[in-house]
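> This is protein_6.tsv, which holds TSV, C-alpha atoms:
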```
chain	number	residue	atom	x	y	z
A	964	MET	CA	11.35	53.98	-0.85
A	965	LYS	CA	10.66	57.03	1.26
A	966	ILE	CA	12.05	57.02	4.76
A	967	ALA	CA	9.81	58.65	7.29
A	968	SER	CA	11.26	61.15	9.71
A	969	GLN	CA	11.86	60.35	13.35
A	970	ASP	CA	9.09	61.19	15.72
A	971	LYS	CA	8.00	60.67	19.27
A	972	ALA	CA	5.07	58.91	20.83
A	973	LYS	CA	2.08	61.16	21.14
A	974	THR	CA	1.12	61.56	24.74
A	975	ARG	CA	-2.45	62.25	25.63
A	976	ARG	CA	-2.49	64.22	28.83
A	977	GLY	CA	-5.52	64.96	30.91
A	978	ARG	CA	-8.28	62.39	30.70
A	979	HIS	CA	-6.21	59.29	31.33
A	980	SER	CA	-3.26	60.74	33.16
A	981	GLU	CA	-2.16	59.08	36.36
A	982	GLN	CA	0.55	59.40	38.95
A	983	VAL	CA	3.16	56.68	38.89
A	984	ILE	CA	6.23	55.86	40.89
A	985	LEU	CA	9.31	55.11	38.80
A	986	PHE	CA	11.55	52.57	40.48
A	987	SER	CA	14.54	50.53	39.43
A	988	ALA	CA	15.34	46.89	39.87
A	989	GLY	CA	18.39	45.25	38.33
A	990	ALA	CA	19.28	48.42	36.38
A	991	ARG	CA	15.85	48.48	34.71
A	992	THR	CA	13.21	51.14	35.25
A	993	PHE	CA	9.58	50.29	35.90
A	994	ALA	CA	6.48	52.32	36.69
A	995	ILE	CA	3.78	51.43	39.19
A	996	ALA	CA	0.60	53.40	39.88
A	997	ALA	CA	1.15	55.53	42.95
A	998	ASP	CA	-2.22	54.52	44.37
A	999	ALA	CA	-1.20	50.85	44.17
A	1000	VAL	CA	1.54	51.46	46.74
A	1001	GLN	CA	0.66	51.77	50.40
A	1002	GLU	CA	4.07	52.36	51.86
A	1003	ILE	CA	7.74	52.57	50.88
A	1004	ARG	CA	10.21	51.40	53.50
A	1005	SER	CA	13.92	50.76	53.60
A	1006	THR	CA	14.92	47.12	53.86
A	1007	ASP	CA	16.88	47.97	57.01
A	1008	SER	CA	13.79	49.27	58.76
A	1009	LEU	CA	11.92	46.02	58.04
A	1010	ALA	CA	14.78	43.64	58.73
A	1011	GLY	CA	13.62	42.86	62.26
A	1012	ALA	CA	10.02	42.34	61.20
A	1013	ALA	CA	10.69	39.99	58.28
A	1014	ILE	CA	10.13	36.30	58.88
A	1015	GLU	CA	12.18	33.92	56.77
A	1016	MET	CA	10.28	31.31	54.78
A	1017	GLU	CA	11.94	28.07	53.91
A	1018	GLN	CA	10.31	26.98	50.69
A	1019	ALA	CA	11.39	26.32	47.13
A	1020	ASP	CA	8.04	26.44	45.32
A	1021	VAL	CA	8.18	30.19	44.78
A	1022	PRO	CA	11.88	31.05	44.85
A	1023	LYS	CA	11.35	34.78	44.37
A	1024	VAL	CA	9.74	34.90	47.84
A	1025	ARG	CA	12.07	34.35	50.82
A	1026	HIS	CA	10.38	36.38	53.54
A	1027	LEU	CA	7.02	37.53	54.80
A	1028	ILE	CA	6.10	40.54	56.87
A	1029	GLU	CA	3.08	41.28	59.01
A	1030	ARG	CA	1.43	44.65	58.50
A	1031	SER	CA	-1.88	45.60	60.10
A	1032	ARG	CA	-2.59	41.91	60.83
A	1033	ARG	CA	-2.10	40.97	57.20
A	1034	THR	CA	0.63	38.74	55.87
A	1035	TYR	CA	2.58	40.26	53.00
A	1036	PHE	CA	4.87	38.10	50.90
A	1037	VAL	CA	8.13	39.80	50.00
A	1038	VAL	CA	8.84	39.34	46.29
A	1039	ASN	CA	12.34	40.03	45.02
A	1040	GLY	CA	11.77	42.34	42.04
A	1041	CYS	CA	14.88	41.18	40.19
A	1042	ALA	CA	13.99	37.51	40.59
A	1043	HIS	CA	10.42	38.21	39.47
A	1044	PHE	CA	11.56	39.87	36.23
A	1045	GLY	CA	14.39	37.41	35.58
A	1046	LEU	CA	17.09	40.04	36.15
A	1047	ARG	CA	20.51	39.68	37.70
A	1048	LEU	CA	20.06	39.78	41.47
A	1049	THR	CA	21.13	42.97	43.21
A	1050	ARG	CA	21.07	44.07	46.82
A	1051	PRO	CA	17.69	45.80	47.19
A	1052	THR	CA	17.45	48.77	49.52
A	1053	LEU	CA	13.72	49.50	49.46
A	1054	VAL	CA	10.45	47.66	49.88
A	1055	LEU	CA	7.25	48.74	48.13
A	1056	ILE	CA	4.34	47.51	50.23
A	1057	LEU	CA	1.35	47.27	47.91
A	1058	ARG	CA	-2.11	48.49	48.82
A	1059	GLN	CA	-4.67	46.00	47.53
A	1060	ILE	CA	-2.48	42.95	47.26
A	1061	ARG	CA	-0.58	41.11	49.97
A	1062	VAL	CA	2.74	41.66	48.27
A	1063	ALA	CA	5.79	43.71	49.18
A	1064	VAL	CA	8.36	44.17	46.43
A	1065	LEU	CA	12.10	44.48	46.95
A	1066	VAL	CA	13.54	47.14	44.62
A	1067	ASP	CA	16.86	48.92	44.23
A	1068	SER	CA	15.74	52.53	44.30
A	1069	ILE	CA	12.95	55.01	43.67
A	1070	GLU	CA	13.73	57.34	40.82
A	1071	ARG	CA	10.83	59.78	41.08
A	1072	MET	CA	7.08	60.23	41.02
A	1073	VAL	CA	5.65	61.48	37.75
A	1074	GLU	CA	2.38	61.89	35.87
A	1075	ILE	CA	2.00	59.82	32.71
A	1076	GLY	CA	-0.41	60.73	29.95
A	1077	ALA	CA	-1.32	57.28	28.70
A	1078	VAL	CA	-0.64	53.61	29.15
A	1079	HIS	CA	-0.22	51.93	25.76
A	1080	ASN	CA	-1.31	48.33	25.39
A	1081	LEU	CA	1.49	45.80	25.44
A	1082	PRO	CA	2.01	44.77	21.79
A	1083	LYS	CA	0.49	41.42	20.85
A	1084	ALA	CA	3.99	40.15	20.10
A	1085	PHE	CA	4.52	39.77	23.82
A	1086	GLU	CA	3.01	36.44	24.74
A	1087	GLY	CA	4.99	35.32	27.78
A	1088	ALA	CA	4.62	35.98	31.50
A	1089	GLU	CA	5.06	39.69	30.77
A	1090	LYS	CA	1.38	39.79	29.80
A	1091	HIS	CA	0.68	39.36	33.52
A	1092	TRP	CA	3.60	41.43	34.76
A	1093	TYR	CA	2.61	44.62	32.93
A	1094	ARG	CA	-0.56	46.68	32.47
A	1095	GLY	CA	1.04	48.21	29.44
A	1096	LEU	CA	3.81	50.57	28.41
A	1097	ALA	CA	4.33	54.26	29.07
A	1098	TYR	CA	6.36	56.61	26.91
A	1099	LEU	CA	8.15	59.10	29.08
A	1100	ASP	CA	11.15	61.32	28.34
A	1101	ASP	CA	12.01	59.33	25.20
A	1102	CYS	CA	11.92	56.06	27.12
A	1103	VAL	CA	9.43	53.21	26.98
A	1104	ILE	CA	8.76	52.08	30.53
A	1105	PRO	CA	6.71	49.03	31.47
A	1106	VAL	CA	3.81	49.83	33.80
A	1107	ILE	CA	3.47	47.16	36.46
A	1108	ASN	CA	0.33	45.13	37.01
A	1109	PRO	CA	0.33	44.79	40.82
A	1110	ALA	CA	-1.71	41.57	40.57
A	1111	GLY	CA	1.01	40.02	38.41
A	1112	PHE	CA	3.59	39.47	41.13
A	1113	LEU	CA	2.00	36.30	42.49
A	1114	THR	CA	-0.65	34.00	41.08
A	1115	LYS	CA	-3.55	32.65	43.13
A	1116	GLU	CA	-1.81	29.28	43.21
A	1117	GLU	CA	1.40	30.86	44.48
A	1118	PHE	CA	-0.54	32.71	47.19
A	1119	ALA	CA	-2.17	29.44	48.26
A	1120	ARG	CA	1.18	27.63	48.46
A	1121	LEU	CA	2.82	30.53	50.30
A	1122	ASP	CA	-0.08	30.83	52.75
A	1123	LEU	CA	0.47	27.20	53.74
A	1124	VAL	CA	4.18	27.76	54.30
A	1125	ALA	CA	3.48	31.04	56.09
A	1126	LYS	CA	1.38	29.34	58.76
A	1127	SER	CA	4.20	27.04	59.79
A	1128	ALA	CA	6.80	29.83	59.50
A	1129	GLU	CA	4.75	32.07	61.79
A	1130	VAL	CA	4.27	29.30	64.36
A	1131	GLU	CA	8.01	28.58	64.32
A	1132	HIS	CA	8.76	32.28	64.68
A	1133	GLN	CA	6.43	32.56	67.68
A	1134	LEU	CA	8.01	29.51	69.29
A	1135	GLU	CA	11.50	30.94	68.81
A	1136	GLY	CA	10.31	34.18	70.40
A	1137	ALA	CA	8.83	32.32	73.37
A	1138	ILE	CA	12.05	30.34	73.92
A	1139	GLU	CA	14.17	33.52	73.77
A	1140	ALA	CA	11.84	35.20	76.30
B	542	MET	CA	15.02	28.01	-13.07
B	543	SER	CA	13.42	24.58	-12.84
B	544	ALA	CA	10.44	25.43	-10.64
B	545	ALA	CA	7.23	26.59	-12.24
B	546	ALA	CA	6.15	30.19	-11.95
B	547	ILE	CA	3.19	30.39	-9.56
B	548	SER	CA	2.16	33.97	-10.24
B	549	ASP	CA	2.73	36.85	-12.57
B	550	ARG	CA	4.97	39.70	-11.67
B	551	GLY	CA	4.22	40.82	-8.13
B	552	ALA	CA	5.47	43.87	-6.27
B	553	PHE	CA	7.99	43.21	-3.53
B	554	VAL	CA	10.24	45.11	-1.17
B	555	LEU	CA	13.79	43.81	-1.21
B	556	LEU	CA	15.46	43.96	2.17
B	557	GLN	CA	18.85	42.98	3.48
B	558	VAL	CA	19.25	41.08	6.74
B	559	GLY	CA	22.88	40.47	7.63
B	560	ASN	CA	24.60	39.53	4.40
B	561	ARG	CA	21.51	38.15	2.65
B	562	ARG	CA	18.74	39.72	0.63
B	563	PHE	CA	15.11	38.71	0.95
B	564	ALA	CA	11.80	39.86	-0.45
B	565	LEU	CA	8.55	40.75	1.28
B	566	PRO	CA	5.27	41.41	-0.55
B	567	SER	CA	4.99	45.17	-0.78
B	568	GLY	CA	1.33	45.08	0.25
B	569	ASN	CA	2.40	43.98	3.72
B	570	VAL	CA	4.96	46.74	4.18
B	571	VAL	CA	3.97	49.81	6.18
B	572	GLU	CA	7.14	51.90	6.03
B	573	LEU	CA	10.89	51.94	6.27
B	574	ALA	CA	11.79	53.64	9.54
B	575	PRO	CA	15.12	55.22	10.45
B	576	PRO	CA	17.34	53.66	13.11
B	577	VAL	CA	15.37	54.95	16.06
B	578	ARG	CA	16.13	53.79	19.58
B	579	LEU	CA	15.33	50.20	20.47
B	580	HIS	CA	13.68	50.10	23.87
B	581	GLU	CA	14.25	46.94	25.88
B	582	PHE	CA	12.58	45.74	29.06
B	583	PRO	CA	12.27	42.36	30.78
B	584	HIS	CA	10.04	39.85	29.01
B	585	GLU	CA	9.90	36.15	28.17
B	586	SER	CA	8.90	36.32	24.51
B	587	LYS	CA	11.90	34.93	22.73
B	588	PHE	CA	12.43	36.33	19.25
B	589	VAL	CA	11.19	39.79	20.33
B	590	ALA	CA	14.15	42.15	20.69
B	591	GLY	CA	12.22	45.09	22.12
B	592	VAL	CA	10.08	47.93	20.82
B	593	ILE	CA	10.49	51.12	18.85
B	594	VAL	CA	8.22	54.15	18.84
B	595	ARG	CA	6.84	55.18	15.45
B	596	ARG	CA	4.15	57.79	14.80
B	597	GLY	CA	2.92	57.62	18.37
B	598	ARG	CA	2.64	53.84	18.33
B	599	ILE	CA	4.76	51.25	20.07
B	600	VAL	CA	5.99	48.72	17.53
B	601	PRO	CA	7.53	45.36	18.50
B	602	VAL	CA	10.84	44.45	16.87
B	603	TYR	CA	11.60	40.86	15.90
B	604	ASP	CA	15.21	39.72	15.87
B	605	VAL	CA	15.05	37.69	12.66
B	606	ALA	CA	18.76	37.67	11.74
B	607	PRO	CA	19.78	34.51	13.65
B	608	LEU	CA	16.97	32.53	12.05
B	609	LEU	CA	17.43	33.86	8.52
B	610	THR	CA	21.21	34.11	8.36
B	611	GLY	CA	22.39	31.84	11.14
B	612	ARG	CA	24.07	34.65	13.04
B	613	SER	CA	23.18	37.73	15.05
B	614	SER	CA	23.46	41.03	13.30
B	615	SER	CA	24.27	44.01	15.45
B	616	LEU	CA	24.60	46.22	12.38
B	617	HIS	CA	21.30	47.55	11.15
B	618	ARG	CA	20.48	50.86	9.65
B	619	PHE	CA	16.72	50.84	9.35
B	620	TYR	CA	13.59	49.09	10.57
B	621	LEU	CA	11.25	47.68	7.99
B	622	ILE	CA	7.75	47.83	9.46
B	623	ALA	CA	5.24	45.36	8.06
B	624	TRP	CA	1.82	44.04	8.99
B	625	LEU	CA	1.90	40.76	10.87
B	626	ALA	CA	-1.22	38.62	11.24
B	627	LEU	CA	-1.32	36.99	14.67
B	628	ALA	CA	-3.97	34.78	16.24
B	629	THR	CA	-5.00	37.77	18.34
B	630	GLY	CA	-5.14	40.24	15.46
B	631	ARG	CA	-3.01	42.20	13.03
B	632	GLU	CA	-0.07	44.21	14.32
B	633	ALA	CA	2.52	46.47	12.71
B	634	SER	CA	5.87	44.86	13.52
B	635	ALA	CA	9.46	45.72	12.72
B	636	ILE	CA	12.42	43.83	11.29
B	637	PRO	CA	15.91	45.34	11.64
B	638	VAL	CA	17.46	45.56	8.18
B	639	THR	CA	21.08	46.25	7.33
B	640	GLY	CA	20.91	47.94	3.96
B	641	GLU	CA	18.53	50.13	2.10
B	642	CYS	CA	15.35	48.60	0.78
B	643	GLU	CA	14.12	48.82	-2.79
B	644	LEU	CA	11.02	47.95	-4.71
B	645	ALA	CA	11.13	45.16	-7.27
B	646	SER	CA	8.70	43.39	-9.52
B	647	ALA	CA	9.37	39.93	-10.89
B	648	GLU	CA	7.86	36.49	-11.43
B	649	VAL	CA	7.28	34.35	-8.35
B	650	PHE	CA	8.39	30.72	-8.30
B	651	GLU	CA	7.59	27.97	-5.83
B	652	ARG	CA	10.04	27.44	-3.00
B	653	ASN	CA	12.23	24.39	-3.09
B	654	PRO	CA	10.71	21.49	-1.13
B	655	ASP	CA	13.68	21.41	1.27
B	656	ASP	CA	13.48	25.13	1.99
B	657	PRO	CA	12.24	26.27	5.42
B	658	SER	CA	8.51	26.89	5.55
B	659	TYR	CA	9.07	30.57	6.29
B	660	PHE	CA	10.07	31.04	2.68
B	661	ALA	CA	6.90	31.56	0.66
B	662	GLY	CA	8.58	31.24	-2.71
B	663	ARG	CA	11.38	32.67	-4.80
B	664	LEU	CA	11.56	35.86	-6.73
B	665	ALA	CA	13.28	35.60	-10.09
B	666	LEU	CA	15.48	38.66	-10.39
B	667	ASP	CA	18.08	39.32	-13.07
B	668	ASP	CA	20.93	38.98	-10.56
B	669	GLY	CA	19.62	35.72	-9.14
B	670	PRO	CA	16.69	34.33	-7.18
B	671	ILE	CA	15.70	35.80	-3.83
B	672	ASP	CA	13.69	34.05	-1.13
B	673	ILE	CA	10.32	35.58	-0.36
B	674	LEU	CA	9.62	35.79	3.36
B	675	ASN	CA	6.44	34.68	5.05
B	676	PHE	CA	6.51	36.99	8.07
B	677	GLU	CA	3.89	35.02	10.02
B	678	SER	CA	5.79	31.78	9.54
B	679	ILE	CA	9.10	33.38	10.55
B	680	VAL	CA	7.59	34.61	13.80
B	681	ALA	CA	5.92	31.26	14.48
B	682	THR	CA	9.21	29.44	13.91
B	683	GLY	CA	11.33	31.94	15.82
B	684	SER	CA	9.02	31.98	18.82
B	685	GLY	CA	8.87	28.20	18.93
B	686	LYS	CA	5.27	27.79	17.81
B	687	ALA	CA	6.22	26.01	14.62
B	688	PRO	CA	8.78	23.26	14.23
B	689	ALA	CA	12.17	24.84	13.64
B	690	GLU	CA	13.70	24.15	10.28
B	691	GLU	CA	17.30	24.64	9.47
B	692	ALA	CA	17.92	27.86	7.59
B	693	ARG	CA	19.86	27.52	4.40
B	694	SER	CA	23.41	28.72	4.62
```
Could you render the structure from this file as structure tokens?

Amino acid sequence: MKIASQDKAKTRRGRHSEQVILFSAGARTFAIAADAVQEIRSTDSLAGAAIEMEQADVPKVRHLIERSRRTYFVVNGCAHFGLRLTRPTLVLILRQIRVAVLVDSIERMVEIGAVHNLPKAFEGAEKHWYRGLAYLDDCVIPVINPAGFLTKEEFARLDLVAKSAEVEHQLEGAIEA
Amino acid sequence: MSAAAISDRGAFVLLQVGNRRFALPSGNVVELAPPVRLHEFPHESKFVAGVIVRRGRIVPVYDVAPLLTGRSSSLHRFYLIAWLALATGREASAIPVTGECELASAEVFERNPDDPSYFAGRLALDDGPIDILNFESIVATGSGKAPAEEARS
């Protein structure tokens, strides 16, 4: 039987190229469309603004933050992807979706030529986590689907908890004042 | 051999997974790929080890060794890429194989009734019978969509 030679994924630059941010969480690299991210902040800079949420329904969310009168739920990236928990240093605040994602680091911003469909073999939650796969510098990198961090049901449950958490936070602030 | 032959001589690719040899209908086989890099990323599809890149396409790799041989096999030299029919369509998919593959043609016999359903039959070779794999059934069993059956030792 003939063995084919090694080759690399063909990248199609131009028509479908897009800017992505490469970030790491739990020693894994992911890509997210640059225009899906509104802001990147250090966890330290948001520490005072984060409100703790006591709930067990969505364990990957432990805090919320208020930005421009919107409530953003802070999703731990490692917990979301089932990775060993690390100490995140950055928060990606998403643009269209009320989610902020805790990540370990930003690697770089880069243009990718194409997003390949996730193979049909993948039939688990990853179908919602990823838009597809990018081939970059001899690495296959999953491209994040920003809408995949929280489901509608999870948003609804978190919104309920958020109301009481915000009221409690305001009360604590009033008592301290 | 006691079982009746169910077809004339068919063409098969003989492959080695761990310490066992199996056969796959040659019509399903796309190519034998070199040991390119296995790319892994977080996912929840058990039985999928990761992906490889072949000819500009991203090909999923199924970790079939534990199911077929009862143990993991970290030693593999090639990837056998074959067509896999899924409910959502056909997809080229890879199996890590330990040895070199070869073509063979022999009579096909029915599988033993107590064999796992992912064996489609047996190939009567001069040096002994070899189980013929049903790739779709392996993936269904390995991913938990079909009732697991104990692999023969």
> So that I can check the surroundings of range 1003-1005 of chain A, please list as an mmCIF file with C-alpha atoms, in the coordinates of the input every protein, DNA and RNA residue that reaches within 12 Å of it, counting all atoms listed in the file and ignoring chain neighbours fewer than 4 positions away.

```cif
data_model
loop_
_atom_site.group_PDB
_atom_site.id
_atom_site.type_symbol
_atom_site.label_atom_id
_atom_site.label_comp_id
_atom_site.auth_asym_id
_atom_site.auth_seq_id
_atom_site.Cartn_x
_atom_site.Cartn_y
_atom_site.Cartn_z
ATOM 1 C CA ILE A 984 6.230 55.860 40.890
ATOM 2 C CA PHE A 986 11.550 52.570 40.480
ATOM 3 C CA ALA A 997 1.150 55.530 42.950
ATOM 4 C CA ALA A 999 -1.200 50.850 44.170
ATOM 5 C CA LEU A 1009 11.920 46.020 58.040
ATOM 6 C CA ALA A 1010 14.780 43.640 58.730
ATOM 7 C CA GLY A 1011 13.620 42.860 62.260
ATOM 8 C CA ALA A 1012 10.020 42.340 61.200
ATOM 9 C CA ARG A 1050 21.070 44.070 46.820
ATOM 10 C CA PRO A 1051 17.690 45.800 47.190
ATOM 11 C CA THR A 1052 17.450 48.770 49.520
ATOM 12 C CA LEU A 1053 13.720 49.500 49.460
ATOM 13 C CA VAL A 1054 10.450 47.660 49.880
ATOM 14 C CA LEU A 1055 7.250 48.740 48.130
ATOM 15 C CA ILE A 1056 4.340 47.510 50.230
ATOM 16 C CA LEU A 1057 1.350 47.270 47.910
ATOM 17 C CA ARG A 1058 -2.110 48.490 48.820
ATOM 18 C CA ALA A 1063 5.790 43.710 49.180
ATOM 19 C CA VAL A 1064 8.360 44.170 46.430
ATOM 20 C CA LEU A 1065 12.100 44.480 46.950
ATOM 21 C CA VAL A 1066 13.540 47.140 44.620
ATOM 22 C CA ASP A 1067 16.860 48.920 44.230
ATOM 23 C CA SER A 1068 15.740 52.530 44.300
ATOM 24 C CA ILE A 1069 12.950 55.010 43.670
#
```
> Let me make sure I understand: among A:Ile1014, A:Val1037, A:Val983, A:Arg991, which one has the smallest atom-to-atom distance to Leu1099 in chain A if we use all atoms listed in the file?
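Using all atoms listed in the file, the shortest distance to Leu1099 in chain A belongs to A:Val983.
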> I'd like the neighbourhood of Gln982 in chain A as number ranges by chain, where a residue qualifies if any of its atoms comes within 8 Å (using only C-alpha atoms), though same-chain residues fewer than 4 positions away should be ignored.
A: 996-998, 1072-1075
> Report, in Å with one decimal, the straight-line distance from CA of Leu1123 in chain A to CA of Arg1025 in chain A.
13.9 Å
> Output as JSON, numbers by chain the set of chain B residues within 6 Å of chain A, with distances taken over all atoms listed in the file.
{"B": [573, 574, 584, 585, 586, 597]}
> Could those residues be written to a file, using C-alpha atoms, as a compact mmCIF listing (two decimals), in the coordinates of the input?

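Done, and the output landed in selection_17.txt:
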```
# COMPACT_ATOMS: atom_id res chain seq x y z
CA LEU B 573 10.89 51.94 6.27
CA ALA B 574 11.79 53.64 9.54
CA HIS B 584 10.04 39.85 29.01
CA GLU B 585 9.90 36.15 28.17
CA SER B 586 8.90 36.32 24.51
CA GLY B 597 2.92 57.62 18.37
```
> Skipping near chain neighbours, those fewer than 4 positions away, what residues fall within 10 Å of Leu625 in chain B using all atoms listed in the file, listed as a list in words?
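The contact residues come out as Ala1084 of chain A; Asn569, Val570, Gly630, Arg631, Glu632, Ala633, Ser634, Ala635, Asn675, Phe676, Glu677, Ser678 and Val680 of chain B.
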> Interatomic distance between CA of His580 in chain B and CA of Arg595 in chain B?
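Going from CA of His580 in chain B over to CA of Arg595 in chain B, I get 12.0 Å.
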> Could you give me the axis-aligned bounding box of range 1104-1109 of chain A, with 3 Å of padding per side, as centre plus edge lengths in Å to one decimal, as lines of an AutoDock Vina configuration file?

```
center_x = 4.5
center_y = 48.4
center_z = 35.7
size_x = 14.4
size_y = 13.3
size_z = 16.3
```
> Please, what distance in Å, to one decimal, runs between CA of Ala1042 in chain A and CA of Ile1107 in chain A?
14.9 Å
> Identify, on the basis of all atoms listed in the file, every residue whose closest approach to Val605 in chain B does not exceed 12 Å; exclude the query and any residue fewer than 4 positions from it along the same chain; express the result as a PyMOL selection string.
chain B and resi 557-559+561+563+587-590+609-615+617+620-621+634-639+659+674-684+692
> Kindly extract all protein, DNA and RNA residues lying within 10 Å of the coordinates (14.9, 32.2, 44.3) given in the file, considering all atoms listed in the file, and supply them as a compact mmCIF listing (two decimals) with C-alpha atoms, keeping the file's coordinate frame.

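So the final result, stored in result12.txt, reads:
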```txt
# COMPACT_ATOMS: atom_id res chain seq x y z
CA GLN A 1018 10.31 26.98 50.69
CA ALA A 1019 11.39 26.32 47.13
CA ASP A 1020 8.04 26.44 45.32
CA VAL A 1021 8.18 30.19 44.78
CA PRO A 1022 11.88 31.05 44.85
CA LYS A 1023 11.35 34.78 44.37
CA VAL A 1024 9.74 34.90 47.84
CA ARG A 1025 12.07 34.35 50.82
CA VAL A 1038 8.84 39.34 46.29
CA ASN A 1039 12.34 40.03 45.02
CA CYS A 1041 14.88 41.18 40.19
CA ALA A 1042 13.99 37.51 40.59
CA HIS A 1043 10.42 38.21 39.47
CA LEU A 1048 20.06 39.78 41.47
```
> I need the residue nearest Val1078 in chain A from this list: A:Asn1108, A:Thr1114, A:Ser987, A:Thr1006. Use all atoms listed in the file for the distance.
A:Asn1108
> Can you patch up range 606-618 of chain B, filling it in to N, CA, C and O atoms, and show the result as a compact mmCIF listing (two decimals), keeping the file's coordinate frame?

```txt
# COMPACT_ATOMS: atom_id res chain seq x y z
N ALA B 606 17.46 37.99 12.36
CA ALA B 606 18.76 37.67 11.74
C ALA B 606 19.27 36.27 12.09
O ALA B 606 19.70 35.54 11.20
N PRO B 607 19.25 35.85 13.36
CA PRO B 607 19.78 34.51 13.65
C PRO B 607 19.04 33.41 12.90
O PRO B 607 19.66 32.44 12.45
N LEU B 608 17.74 33.56 12.75
CA LEU B 608 16.97 32.53 12.05
C LEU B 608 17.25 32.56 10.54
O LEU B 608 17.45 31.51 9.92
N LEU B 609 17.30 33.75 9.98
CA LEU B 609 17.43 33.86 8.52
C LEU B 609 18.86 33.72 8.02
O LEU B 609 19.09 33.27 6.90
N THR B 610 19.82 34.13 8.84
CA THR B 610 21.21 34.11 8.36
C THR B 610 22.11 33.22 9.19
O THR B 610 23.28 33.06 8.85
N GLY B 611 21.58 32.72 10.30
CA GLY B 611 22.39 31.84 11.14
C GLY B 611 23.31 32.58 12.09
O GLY B 611 24.07 31.96 12.82
N ARG B 612 23.23 33.90 12.11
CA ARG B 612 24.07 34.65 13.04
C ARG B 612 23.37 35.96 13.43
O ARG B 612 22.54 36.47 12.67
N SER B 613 23.74 36.46 14.61
CA SER B 613 23.18 37.73 15.05
C SER B 613 23.76 38.85 14.21
O SER B 613 24.88 38.75 13.73
N SER B 614 22.98 39.87 14.04
CA SER B 614 23.46 41.03 13.30
C SER B 614 23.26 42.28 14.14
O SER B 614 22.14 42.71 14.37
N SER B 615 24.38 42.80 14.63
CA SER B 615 24.27 44.01 15.45
C SER B 615 24.22 45.25 14.57
O SER B 615 23.86 46.34 15.00
N LEU B 616 24.60 45.07 13.30
CA LEU B 616 24.60 46.22 12.38
C LEU B 616 23.25 46.30 11.68
O LEU B 616 22.89 45.41 10.92
N HIS B 617 22.50 47.32 11.96
CA HIS B 617 21.30 47.55 11.15
C HIS B 617 21.08 49.04 11.04
O HIS B 617 21.40 49.80 11.93
N ARG B 618 20.60 49.43 9.91
CA ARG B 618 20.48 50.86 9.65
C ARG B 618 19.04 51.34 9.69
O ARG B 618 18.78 52.51 9.92
```
